Each structure stands twice: as C-alpha cells, then as structure tokens.
>>> print(open('data-v9.pdb').read())   # PDB, C-alpha atoms
ATOM      1  CA  MET A   1     -89.687  21.708  -3.261  1.00  0.00           C
ATOM      2  CA  ASP A   2     -92.304  20.356  -0.843  1.00  0.00           C
ATOM      3  CA  GLN A   3     -92.880  17.333  -3.083  1.00  0.00           C
ATOM      4  CA  GLU A   4     -89.145  16.587  -2.979  1.00  0.00           C
ATOM      5  CA  ARG A   5     -89.148  16.847   0.828  1.00  0.00           C
ATOM      6  CA  ILE A   6     -92.068  14.405   1.044  1.00  0.00           C
ATOM      7  CA  LYS A   7     -90.176  12.000  -1.238  1.00  0.00           C
ATOM      8  CA  GLU A   8     -87.070  12.328   0.969  1.00  0.00           C
ATOM      9  CA  LEU A   9     -89.141  11.516   4.051  1.00  0.00           C
ATOM     10  CA  LEU A  10     -90.716   8.555   2.275  1.00  0.00           C
ATOM     11  CA  GLN A  11     -87.263   7.221   1.390  1.00  0.00           C
ATOM     12  CA  MET A  12     -86.215   7.593   5.042  1.00  0.00           C
ATOM     13  CA  TYR A  13     -89.418   5.756   6.013  1.00  0.00           C
ATOM     14  CA  PHE A  14     -88.654   2.927   3.561  1.00  0.00           C
ATOM     15  CA  ASN A  15     -85.051   2.696   4.834  1.00  0.00           C
ATOM     16  CA  ALA A  16     -86.139   2.683   8.483  1.00  0.00           C
ATOM     17  CA  SER A  17     -88.675  -0.053   7.737  1.00  0.00           C
ATOM     18  CA  TYR A  18     -86.245  -2.270   5.840  1.00  0.00           C
ATOM     19  CA  GLU A  19     -83.354  -1.733   8.275  1.00  0.00           C
ATOM     20  CA  HIS A  20     -85.599  -2.036  11.377  1.00  0.00           C
ATOM     21  CA  ASN A  21     -84.263   1.346  12.500  1.00  0.00           C
ATOM     22  CA  GLY A  22     -86.570   2.792  15.131  1.00  0.00           C
ATOM     23  CA  ASP A  23     -84.409   5.873  15.659  1.00  0.00           C
ATOM     24  CA  LEU A  24     -84.670   6.803  11.985  1.00  0.00           C
ATOM     25  CA  MET A  25     -88.409   6.131  12.114  1.00  0.00           C
ATOM     26  CA  LEU A  26     -88.710   8.670  14.944  1.00  0.00           C
ATOM     27  CA  GLU A  27     -87.198  11.311  12.648  1.00  0.00           C
ATOM     28  CA  VAL A  28     -89.909  10.793  10.026  1.00  0.00           C
ATOM     29  CA  PHE A  29     -92.937  11.051  12.356  1.00  0.00           C
ATOM     30  CA  HIS A  30     -94.142  14.152  14.208  1.00  0.00           C
ATOM     31  CA  ASP A  31     -94.119  13.889  18.011  1.00  0.00           C
ATOM     32  CA  SER A  32     -97.934  13.654  18.105  1.00  0.00           C
ATOM     33  CA  ALA A  33     -98.224  11.027  15.356  1.00  0.00           C
ATOM     34  CA  HIS A  34    -100.435   7.955  15.614  1.00  0.00           C
ATOM     35  CA  ILE A  35    -100.326   4.678  13.711  1.00  0.00           C
ATOM     36  CA  TYR A  36    -103.564   2.784  13.108  1.00  0.00           C
ATOM     37  CA  GLY A  37    -104.144  -0.771  11.968  1.00  0.00           C
ATOM     38  CA  LEU A  38    -106.184  -3.891  12.596  1.00  0.00           C
ATOM     39  CA  THR A  39    -105.195  -7.080  14.379  1.00  0.00           C
ATOM     40  CA  ALA A  40    -105.761 -10.483  12.750  1.00  0.00           C
ATOM     41  CA  ASP A  41    -109.159 -10.685  14.468  1.00  0.00           C
ATOM     42  CA  GLY A  42    -110.191  -7.194  13.306  1.00  0.00           C
ATOM     43  CA  ALA A  43    -109.577  -5.155  16.458  1.00  0.00           C
ATOM     44  CA  LEU A  44    -108.353  -1.580  15.982  1.00  0.00           C
ATOM     45  CA  THR A  45    -104.792  -0.794  17.051  1.00  0.00           C
ATOM     46  CA  ASP A  46    -103.577   2.730  17.857  1.00  0.00           C
ATOM     47  CA  SER A  47     -99.888   3.268  18.585  1.00  0.00           C
ATOM     48  CA  ASP A  48     -98.009   6.466  19.259  1.00  0.00           C
ATOM     49  CA  ARG A  49     -94.729   7.084  17.436  1.00  0.00           C
ATOM     50  CA  ALA A  50     -92.523   5.862  20.308  1.00  0.00           C
ATOM     51  CA  ALA A  51     -94.348   2.524  20.549  1.00  0.00           C
ATOM     52  CA  PHE A  52     -94.252   2.126  16.781  1.00  0.00           C
ATOM     53  CA  ALA A  53     -90.519   2.908  16.629  1.00  0.00           C
ATOM     54  CA  ALA A  54     -89.873   0.364  19.394  1.00  0.00           C
ATOM     55  CA  ARG A  55     -91.837  -2.261  17.444  1.00  0.00           C
ATOM     56  CA  VAL A  56     -89.819  -1.467  14.299  1.00  0.00           C
ATOM     57  CA  SER A  57     -86.560  -1.879  16.248  1.00  0.00           C
ATOM     58  CA  SER A  58     -87.742  -5.148  17.803  1.00  0.00           C
ATOM     59  CA  HIS A  59     -87.797  -6.809  14.372  1.00  0.00           C
ATOM     60  CA  LYS A  60     -84.028  -6.281  14.146  1.00  0.00           C
ATOM     61  CA  VAL A  61     -83.526  -7.953  17.510  1.00  0.00           C
ATOM     62  CA  ASN A  62     -85.737 -10.867  16.519  1.00  0.00           C
ATOM     63  CA  SER A  63     -84.135 -11.397  13.100  1.00  0.00           C
ATOM     64  CA  PRO A  64     -80.787  -9.563  12.889  1.00  0.00           C
ATOM     65  CA  ASP A  65     -79.285 -11.551  10.018  1.00  0.00           C
ATOM     66  CA  VAL A  66     -82.394 -12.282   7.976  1.00  0.00           C
ATOM     67  CA  LYS A  67     -82.758 -10.142   4.851  1.00  0.00           C
ATOM     68  CA  PHE A  68     -85.915 -10.050   2.776  1.00  0.00           C
ATOM     69  CA  PRO A  69     -86.402  -8.768  -0.765  1.00  0.00           C
ATOM     70  CA  LEU A  70     -86.621  -4.999  -0.934  1.00  0.00           C
ATOM     71  CA  TYR A  71     -89.862  -3.632  -2.333  1.00  0.00           C
ATOM     72  CA  ASN A  72     -90.912   0.023  -1.980  1.00  0.00           C
ATOM     73  CA  GLU A  73     -93.338   1.905  -4.178  1.00  0.00           C
ATOM     74  CA  ILE A  74     -94.814   5.388  -3.943  1.00  0.00           C
ATOM     75  CA  LEU A  75     -98.327   5.027  -5.351  1.00  0.00           C
ATOM     76  CA  SER A  76     -99.347   8.667  -4.960  1.00  0.00           C
ATOM     77  CA  ILE A  77     -98.571  11.966  -3.254  1.00  0.00           C
ATOM     78  CA  ASP A  78    -101.377  14.517  -3.054  1.00  0.00           C
ATOM     79  CA  PHE A  79    -101.135  17.949  -1.477  1.00  0.00           C
ATOM     80  CA  THR A  80    -104.377  18.802   0.267  1.00  0.00           C
ATOM     81  CA  GLY A  81    -103.262  22.283   1.361  1.00  0.00           C
ATOM     82  CA  ASP A  82    -100.145  24.375   1.865  1.00  0.00           C
ATOM     83  CA  ASN A  83     -99.199  22.411   4.980  1.00  0.00           C
ATOM     84  CA  THR A  84    -100.821  19.008   4.417  1.00  0.00           C
ATOM     85  CA  ALA A  85    -100.243  16.073   2.096  1.00  0.00           C
ATOM     86  CA  VAL A  86    -101.238  12.431   1.806  1.00  0.00           C
ATOM     87  CA  ALA A  87     -99.066   9.658   0.383  1.00  0.00           C
ATOM     88  CA  ARG A  88    -100.087   6.119  -0.435  1.00  0.00           C
ATOM     89  CA  VAL A  89     -97.211   3.634  -0.502  1.00  0.00           C
ATOM     90  CA  LYS A  90     -96.510  -0.094  -0.699  1.00  0.00           C
ATOM     91  CA  LEU A  91     -93.565  -1.716   1.007  1.00  0.00           C
ATOM     92  CA  ARG A  92     -92.406  -5.123   2.049  1.00  0.00           C
ATOM     93  CA  VAL A  93     -91.379  -5.648   5.662  1.00  0.00           C
ATOM     94  CA  MET A  94     -90.182  -9.177   6.284  1.00  0.00           C
ATOM     95  CA  ASN A  95     -93.001 -11.494   5.085  1.00  0.00           C
ATOM     96  CA  THR A  96     -95.699  -8.833   4.807  1.00  0.00           C
ATOM     97  CA  LEU A  97     -96.599  -6.511   1.943  1.00  0.00           C
ATOM     98  CA  PHE A  98     -98.061  -3.343   3.431  1.00  0.00           C
ATOM     99  CA  THR A  99    -100.155  -0.639   1.849  1.00  0.00           C
ATOM    100  CA  ASP A 100     -99.854   2.481   3.992  1.00  0.00           C
ATOM    101  CA  ILE A 101    -101.737   5.744   3.870  1.00  0.00           C
ATOM    102  CA  LEU A 102     -99.464   8.408   5.347  1.00  0.00           C
ATOM    103  CA  SER A 103    -100.771  11.855   6.261  1.00  0.00           C
ATOM    104  CA  PHE A 104     -98.141  14.592   6.382  1.00  0.00           C
ATOM    105  CA  MET A 105     -98.269  17.988   8.078  1.00  0.00           C
ATOM    106  CA  ARG A 106     -95.833  20.859   8.046  1.00  0.00           C
ATOM    107  CA  VAL A 107     -95.632  22.192  11.591  1.00  0.00           C
ATOM    108  CA  ASP A 108     -93.310  25.104  12.389  1.00  0.00           C
ATOM    109  CA  GLY A 109     -91.817  24.711   8.904  1.00  0.00           C
ATOM    110  CA  LYS A 110     -91.028  21.001   9.344  1.00  0.00           C
ATOM    111  CA  TRP A 111     -92.735  18.244   7.355  1.00  0.00           C
ATOM    112  CA  GLY A 112     -93.447  14.914   9.069  1.00  0.00           C
ATOM    113  CA  ILE A 113     -95.935  12.061   9.177  1.00  0.00           C
ATOM    114  CA  ILE A 114     -98.791  12.848  11.540  1.00  0.00           C
ATOM    115  CA  SER A 115    -100.798   9.646  10.961  1.00  0.00           C
ATOM    116  CA  LYS A 116    -100.400   6.273   9.346  1.00  0.00           C
ATOM    117  CA  VAL A 117    -103.119   3.781   8.447  1.00  0.00           C
ATOM    118  CA  LEU A 118    -101.761   0.396   7.433  1.00  0.00           C
ATOM    119  CA  SER A 119    -102.966  -2.867   6.009  1.00  0.00           C
ATOM    120  CA  GLY A 120    -100.843  -5.869   5.189  1.00  0.00           C
ATOM    121  CA  VAL A 121    -101.003  -9.198   3.436  1.00  0.00           C
ATOM    122  CA  PRO A 122     -98.575 -12.103   3.867  1.00  0.00           C
ATOM    123  CA  VAL A 123     -96.093 -12.776   1.057  1.00  0.00           C
ATOM    124  CA  GLU A 124     -93.436 -15.419   0.553  1.00  0.00           C
TER     125      GLU A 124
END
>>> encode(input="data-v9.pdb", output="structure tokens")
Amino acid sequence: MDQERIKELLQMYFNASYEHNGDLMLEVFHDSAHIYGLTADGALTDSDRAAFAARVSSHKVNSPDVKFPLYNEILSIDFTGDNTAVARVKLRVMNTLFTDILSFMRVDGKWGIISKVLSGVPVE
C-alpha cells in the first residue's frame, strides 16, 4: 500500500512538472521540504517548497503554449524504514532532462517529499 502511495505521489509530481502546476507541486511536498541543486557555475542552491512551486508555475507564464515531449521514468523506490523512502526518477521539463533523488517521509500518517536533490542536462 505504501509503495502505491509513493507511486501516486510520483505521478502527481510528474504531472505538476509537465503542466507547470505549482499548486499541485505544493501538495506533493511536505511543508518543511527543501530542494537542492547546483547552478551552472557549481554554486549550491537551496529552495523551500514555496519558492520551488513558484518557480514551477513561472515556467507556465513564460511559455504557456509550448509543449515538450513527455518523459517520466521511475528508476527506483526503496523503503529505508516504516516512515521513510527514497525514489530516483528521470523526467523531462522543457529542454532539460532531470535526474532527481526524492526523499519521502510519512508524518502524521501522510506521505510527502521532504527533500529533493536534482541534476539536469540539456536535451533537444
């Protein structure tokens, strides 16, 4: 059952990414979640869920009619305890192919992403 819930959340995450839906993205992440990545020059970025959701939504504003090929893949889901799991996924967002490591926690009976580490490469 927990594996199915993680898969449901991952599908919501894929949909939110492809549709540039920041509100849906907020539903997938816990309130205390953080998103980590690197800038082009190698500097660490650390965003909270609200800033990340706003950035997701901004892509829709910047390119409302542009559609890119859909690519989503769940590479792995591993449960590390009764209330923790880690998923590794690949997805295309616009002209970038991301590999994300998503850490999940069940808090007060509710599963959600508590941290995301991302890396991306340009694609055409």
>>> resolve_selection(input="data-v9.pdb", expression="the PyMOL selection byres ((chain A and resi 1-12) around 9)", output="PDB file with C-alpha atoms, in the frame of the given file")
ATOM      1  CA  TYR A  13     -89.418   5.756   6.013  1.00  0.00           C
ATOM      2  CA  PHE A  14     -88.654   2.927   3.561  1.00  0.00           C
ATOM      3  CA  ASN A  15     -85.051   2.696   4.834  1.00  0.00           C
ATOM      4  CA  ALA A  16     -86.139   2.683   8.483  1.00  0.00           C
ATOM      5  CA  SER A  17     -88.675  -0.053   7.737  1.00  0.00           C
ATOM      6  CA  LEU A  24     -84.670   6.803  11.985  1.00  0.00           C
ATOM      7  CA  MET A  25     -88.409   6.131  12.114  1.00  0.00           C
ATOM      8  CA  GLU A  27     -87.198  11.311  12.648  1.00  0.00           C
ATOM      9  CA  VAL A  28     -89.909  10.793  10.026  1.00  0.00           C
ATOM     10  CA  ASN A  72     -90.912   0.023  -1.980  1.00  0.00           C
ATOM     11  CA  ILE A  74     -94.814   5.388  -3.943  1.00  0.00           C
ATOM     12  CA  ILE A  77     -98.571  11.966  -3.254  1.00  0.00           C
ATOM     13  CA  ASP A  78    -101.377  14.517  -3.054  1.00  0.00           C
ATOM     14  CA  PHE A  79    -101.135  17.949  -1.477  1.00  0.00           C
ATOM     15  CA  ALA A  85    -100.243  16.073   2.096  1.00  0.00           C
ATOM     16  CA  ALA A  87     -99.066   9.658   0.383  1.00  0.00           C
ATOM     17  CA  VAL A  89     -97.211   3.634  -0.502  1.00  0.00           C
ATOM     18  CA  PHE A 104     -98.141  14.592   6.382  1.00  0.00           C
ATOM     19  CA  TRP A 111     -92.735  18.244   7.355  1.00  0.00           C
ATOM     20  CA  GLY A 112     -93.447  14.914   9.069  1.00  0.00           C
ATOM     21  CA  ILE A 113     -95.935  12.061   9.177  1.00  0.00           C
TER      22      ILE A 113
END
>>> residues_around(input="data-v9.pdb", residues="Arg88 in chain A", least_positions_apart="5", cutoff="6 Å", atoms="all atoms listed in the file", output="list in words")
Leu75, Ser76, Asp100 and Ile101 of chain A
>>> atom_distance(input="data-v9.pdb", atom1="CA of Tyr71 in chain A", atom2="CA of Asn21 in chain A")
16.6 Å
>>> resolve_selection(input="data-v9.pdb", expression="the PyMOL selection byres ((chain A and resi 93) around 12)", output="MDAnalysis selection string")
chainID A and resid 13:20 56 59:60 63 66:72 90:92 94:100 119:124
>>> closest_residue(input="data-v9.pdb", among="A:Arg55, A:Leu44, A:Glu73, A:Asp31", to="Ile114 in chain A", atoms="all atoms listed in the file")
A:Asp31
>>> closest_residue(input="data-v9.pdb", among="A:Gly42, A:Lys110, A:Lys116, A:Asp48", to="Val86 in chain A", atoms="only C-alpha atoms")
A:Lys116
>>> atom_distance(input="data-v9.pdb", atom1="CA of Ser103 in chain A", atom2="CA of His34 in chain A")
10.1 Å
>>> atom_distance(input="data-v9.pdb", atom1="CA of Ser57 in chain A", atom2="CA of Val107 in chain A")
26.1 Å
>>> axis_aligned_box(input="data-v9.pdb", around="range 13-21 of chain A", padding_each_side="6 Å", output="lines of an AutoDock Vina configuration file")
center_x = -86.4
center_y = 1.7
center_z = 8.0
size_x = 18.1
size_y = 20.0
size_z = 20.9
>>> closest_residue(input="data-v9.pdb", among="A:Asp82, A:Leu102, A:Ala33, A:Leu118", to="Ala53 in chain A", atoms="only C-alpha atoms")
A:Ala33
>>> resolve_selection(input="data-v9.pdb", expression="the PyMOL selection byres ((chain A and resi 83) around 6)", output="list of chain:residue names")
A:Gly81, A:Asp82, A:Thr84, A:Met105, A:Arg106
>>> decode(input="data-v9.pdb", residues="range 3-115 of chain A", atoms="C-alpha atoms", output="PDB file, in the first residue's frame")
ATOM      1  CA  GLN A   3       4.545   1.685  -2.423  1.00  0.00           C
ATOM      2  CA  GLU A   4       1.335   2.513  -4.301  1.00  0.00           C
ATOM      3  CA  ARG A   5       1.021   5.812  -2.410  1.00  0.00           C
ATOM      4  CA  ILE A   6       4.610   6.731  -3.312  1.00  0.00           C
ATOM      5  CA  LYS A   7       3.855   5.930  -6.967  1.00  0.00           C
ATOM      6  CA  GLU A   8       0.717   8.112  -6.812  1.00  0.00           C
ATOM      7  CA  LEU A   9       2.758  10.993  -5.403  1.00  0.00           C
ATOM      8  CA  LEU A  10       5.400  10.498  -8.082  1.00  0.00           C
ATOM      9  CA  GLN A  11       2.723  10.662 -10.783  1.00  0.00           C
ATOM     10  CA  MET A  12       1.401  13.891  -9.235  1.00  0.00           C
ATOM     11  CA  TYR A  13       4.989  15.195  -9.207  1.00  0.00           C
ATOM     12  CA  PHE A  14       5.446  14.298 -12.892  1.00  0.00           C
ATOM     13  CA  ASN A  15       2.104  15.939 -13.784  1.00  0.00           C
ATOM     14  CA  ALA A  16       2.908  19.093 -11.808  1.00  0.00           C
ATOM     15  CA  SER A  17       6.302  19.318 -13.512  1.00  0.00           C
ATOM     16  CA  TYR A  18       4.956  18.842 -17.030  1.00  0.00           C
ATOM     17  CA  GLU A  19       1.930  21.115 -16.526  1.00  0.00           C
ATOM     18  CA  HIS A  20       3.947  23.774 -14.627  1.00  0.00           C
ATOM     19  CA  ASN A  21       1.413  23.476 -11.802  1.00  0.00           C
ATOM     20  CA  GLY A  22       2.882  24.956  -8.642  1.00  0.00           C
ATOM     21  CA  ASP A  23      -0.276  24.345  -6.618  1.00  0.00           C
ATOM     22  CA  LEU A  24      -0.156  20.624  -7.373  1.00  0.00           C
ATOM     23  CA  MET A  25       3.558  20.613  -6.565  1.00  0.00           C
ATOM     24  CA  LEU A  26       2.753  22.024  -3.114  1.00  0.00           C
ATOM     25  CA  GLU A  27       0.523  19.000  -2.469  1.00  0.00           C
ATOM     26  CA  VAL A  28       3.386  16.572  -3.103  1.00  0.00           C
ATOM     27  CA  PHE A  29       5.973  18.213  -0.805  1.00  0.00           C
ATOM     28  CA  HIS A  30       5.862  18.405   2.996  1.00  0.00           C
ATOM     29  CA  ASP A  31       5.715  21.929   4.444  1.00  0.00           C
ATOM     30  CA  SER A  32       9.343  21.690   5.625  1.00  0.00           C
ATOM     31  CA  ALA A  33      10.725  20.323   2.344  1.00  0.00           C
ATOM     32  CA  HIS A  34      13.880  21.629   0.690  1.00  0.00           C
ATOM     33  CA  ILE A  35      15.077  21.344  -2.895  1.00  0.00           C
ATOM     34  CA  TYR A  36      18.810  21.257  -3.595  1.00  0.00           C
ATOM     35  CA  GLY A  37      20.705  21.699  -6.834  1.00  0.00           C
ATOM     36  CA  LEU A  38      23.696  23.376  -8.424  1.00  0.00           C
ATOM     37  CA  THR A  39      23.827  26.454 -10.623  1.00  0.00           C
ATOM     38  CA  ALA A  40      25.682  26.394 -13.956  1.00  0.00           C
ATOM     39  CA  ASP A  41      28.816  27.642 -12.179  1.00  0.00           C
ATOM     40  CA  GLY A  42      28.579  24.986  -9.441  1.00  0.00           C
ATOM     41  CA  ALA A  43      27.084  27.003  -6.583  1.00  0.00           C
ATOM     42  CA  LEU A  44      24.678  25.175  -4.264  1.00  0.00           C
ATOM     43  CA  THR A  45      21.019  26.192  -4.389  1.00  0.00           C
ATOM     44  CA  ASP A  46      18.564  25.535  -1.545  1.00  0.00           C
ATOM     45  CA  SER A  47      14.896  26.366  -2.070  1.00  0.00           C
ATOM     46  CA  ASP A  48      11.950  25.805   0.214  1.00  0.00           C
ATOM     47  CA  ARG A  49       8.781  24.270  -1.224  1.00  0.00           C
ATOM     48  CA  ALA A  50       7.005  27.614  -1.743  1.00  0.00           C
ATOM     49  CA  ALA A  51       9.897  29.061  -3.759  1.00  0.00           C
ATOM     50  CA  PHE A  52      10.172  25.867  -5.780  1.00  0.00           C
ATOM     51  CA  ALA A  53       6.425  25.810  -6.505  1.00  0.00           C
ATOM     52  CA  ALA A  54       6.585  29.452  -7.619  1.00  0.00           C
ATOM     53  CA  ARG A  55       9.477  28.614  -9.961  1.00  0.00           C
ATOM     54  CA  VAL A  56       7.496  25.679 -11.394  1.00  0.00           C
ATOM     55  CA  SER A  57       4.500  27.965 -12.017  1.00  0.00           C
ATOM     56  CA  SER A  58       6.692  30.632 -13.623  1.00  0.00           C
ATOM     57  CA  HIS A  59       7.545  28.265 -16.487  1.00  0.00           C
ATOM     58  CA  LYS A  60       3.862  28.255 -17.469  1.00  0.00           C
ATOM     59  CA  VAL A  61       3.804  32.044 -17.547  1.00  0.00           C
ATOM     60  CA  ASN A  62       6.975  32.162 -19.620  1.00  0.00           C
ATOM     61  CA  SER A  63       5.876  29.504 -22.123  1.00  0.00           C
ATOM     62  CA  PRO A  64       2.110  28.899 -21.869  1.00  0.00           C
ATOM     63  CA  ASP A  65       1.600  27.347 -25.303  1.00  0.00           C
ATOM     64  CA  VAL A  66       4.877  25.486 -25.718  1.00  0.00           C
ATOM     65  CA  LYS A  67       4.622  21.726 -25.196  1.00  0.00           C
ATOM     66  CA  PHE A  68       7.647  19.476 -24.928  1.00  0.00           C
ATOM     67  CA  PRO A  69       7.841  15.698 -25.256  1.00  0.00           C
ATOM     68  CA  LEU A  70       6.689  13.902 -22.137  1.00  0.00           C
ATOM     69  CA  TYR A  71       9.291  11.701 -20.488  1.00  0.00           C
ATOM     70  CA  ASN A  72       8.922  10.330 -16.943  1.00  0.00           C
ATOM     71  CA  GLU A  73      10.626   7.282 -15.505  1.00  0.00           C
ATOM     72  CA  ILE A  74      10.722   5.832 -12.004  1.00  0.00           C
ATOM     73  CA  LEU A  75      14.203   4.335 -11.693  1.00  0.00           C
ATOM     74  CA  SER A  76      13.810   3.008  -8.154  1.00  0.00           C
ATOM     75  CA  ILE A  77      11.793   3.205  -4.947  1.00  0.00           C
ATOM     76  CA  ASP A  78      13.468   1.976  -1.767  1.00  0.00           C
ATOM     77  CA  PHE A  79      11.907   1.941   1.681  1.00  0.00           C
ATOM     78  CA  THR A  80      14.512   2.777   4.287  1.00  0.00           C
ATOM     79  CA  GLY A  81      12.149   2.385   7.257  1.00  0.00           C
ATOM     80  CA  ASP A  82       8.463   2.285   8.120  1.00  0.00           C
ATOM     81  CA  ASN A  83       8.113   6.025   7.535  1.00  0.00           C
ATOM     82  CA  THR A  84      10.887   6.802   5.040  1.00  0.00           C
ATOM     83  CA  ALA A  85      11.549   6.048   1.389  1.00  0.00           C
ATOM     84  CA  VAL A  86      13.810   7.243  -1.403  1.00  0.00           C
ATOM     85  CA  ALA A  87      12.878   7.400  -5.082  1.00  0.00           C
ATOM     86  CA  ARG A  88      15.158   8.075  -8.012  1.00  0.00           C
ATOM     87  CA  VAL A  89      13.387   9.402 -11.102  1.00  0.00           C
ATOM     88  CA  LYS A  90      14.098  10.906 -14.517  1.00  0.00           C
ATOM     89  CA  LEU A  91      11.845  13.459 -16.138  1.00  0.00           C
ATOM     90  CA  ARG A  92      11.941  15.986 -18.903  1.00  0.00           C
ATOM     91  CA  VAL A  93      10.966  19.562 -18.107  1.00  0.00           C
ATOM     92  CA  MET A  94      11.094  21.770 -21.171  1.00  0.00           C
ATOM     93  CA  ASN A  95      14.626  21.378 -22.629  1.00  0.00           C
ATOM     94  CA  THR A  96      16.188  19.685 -19.606  1.00  0.00           C
ATOM     95  CA  LEU A  97      16.351  16.021 -18.631  1.00  0.00           C
ATOM     96  CA  PHE A  98      16.476  15.831 -14.845  1.00  0.00           C
ATOM     97  CA  THR A  99      17.537  13.018 -12.572  1.00  0.00           C
ATOM     98  CA  ASP A 100      16.001  13.632  -9.154  1.00  0.00           C
ATOM     99  CA  ILE A 101      16.577  11.911  -5.850  1.00  0.00           C
ATOM    100  CA  LEU A 102      13.412  12.342  -3.792  1.00  0.00           C
ATOM    101  CA  SER A 103      13.325  11.534  -0.082  1.00  0.00           C
ATOM    102  CA  PHE A 104       9.880  10.759   1.315  1.00  0.00           C
ATOM    103  CA  MET A 105       8.669  10.805   4.915  1.00  0.00           C
ATOM    104  CA  ARG A 106       5.365   9.814   6.423  1.00  0.00           C
ATOM    105  CA  VAL A 107       4.488  12.439   9.015  1.00  0.00           C
ATOM    106  CA  ASP A 108       1.226  12.161  10.962  1.00  0.00           C
ATOM    107  CA  GLY A 109       0.183   9.373   8.582  1.00  0.00           C
ATOM    108  CA  LYS A 110       0.768  11.450   5.431  1.00  0.00           C
ATOM    109  CA  TRP A 111       3.472  10.662   2.872  1.00  0.00           C
ATOM    110  CA  GLY A 112       5.240  13.551   1.122  1.00  0.00           C
ATOM    111  CA  ILE A 113       8.581  14.596  -0.320  1.00  0.00           C
ATOM    112  CA  ILE A 114      10.815  16.058   2.369  1.00  0.00           C
ATOM    113  CA  SER A 115      13.876  16.692   0.168  1.00  0.00           C
TER     114      SER A 115
END
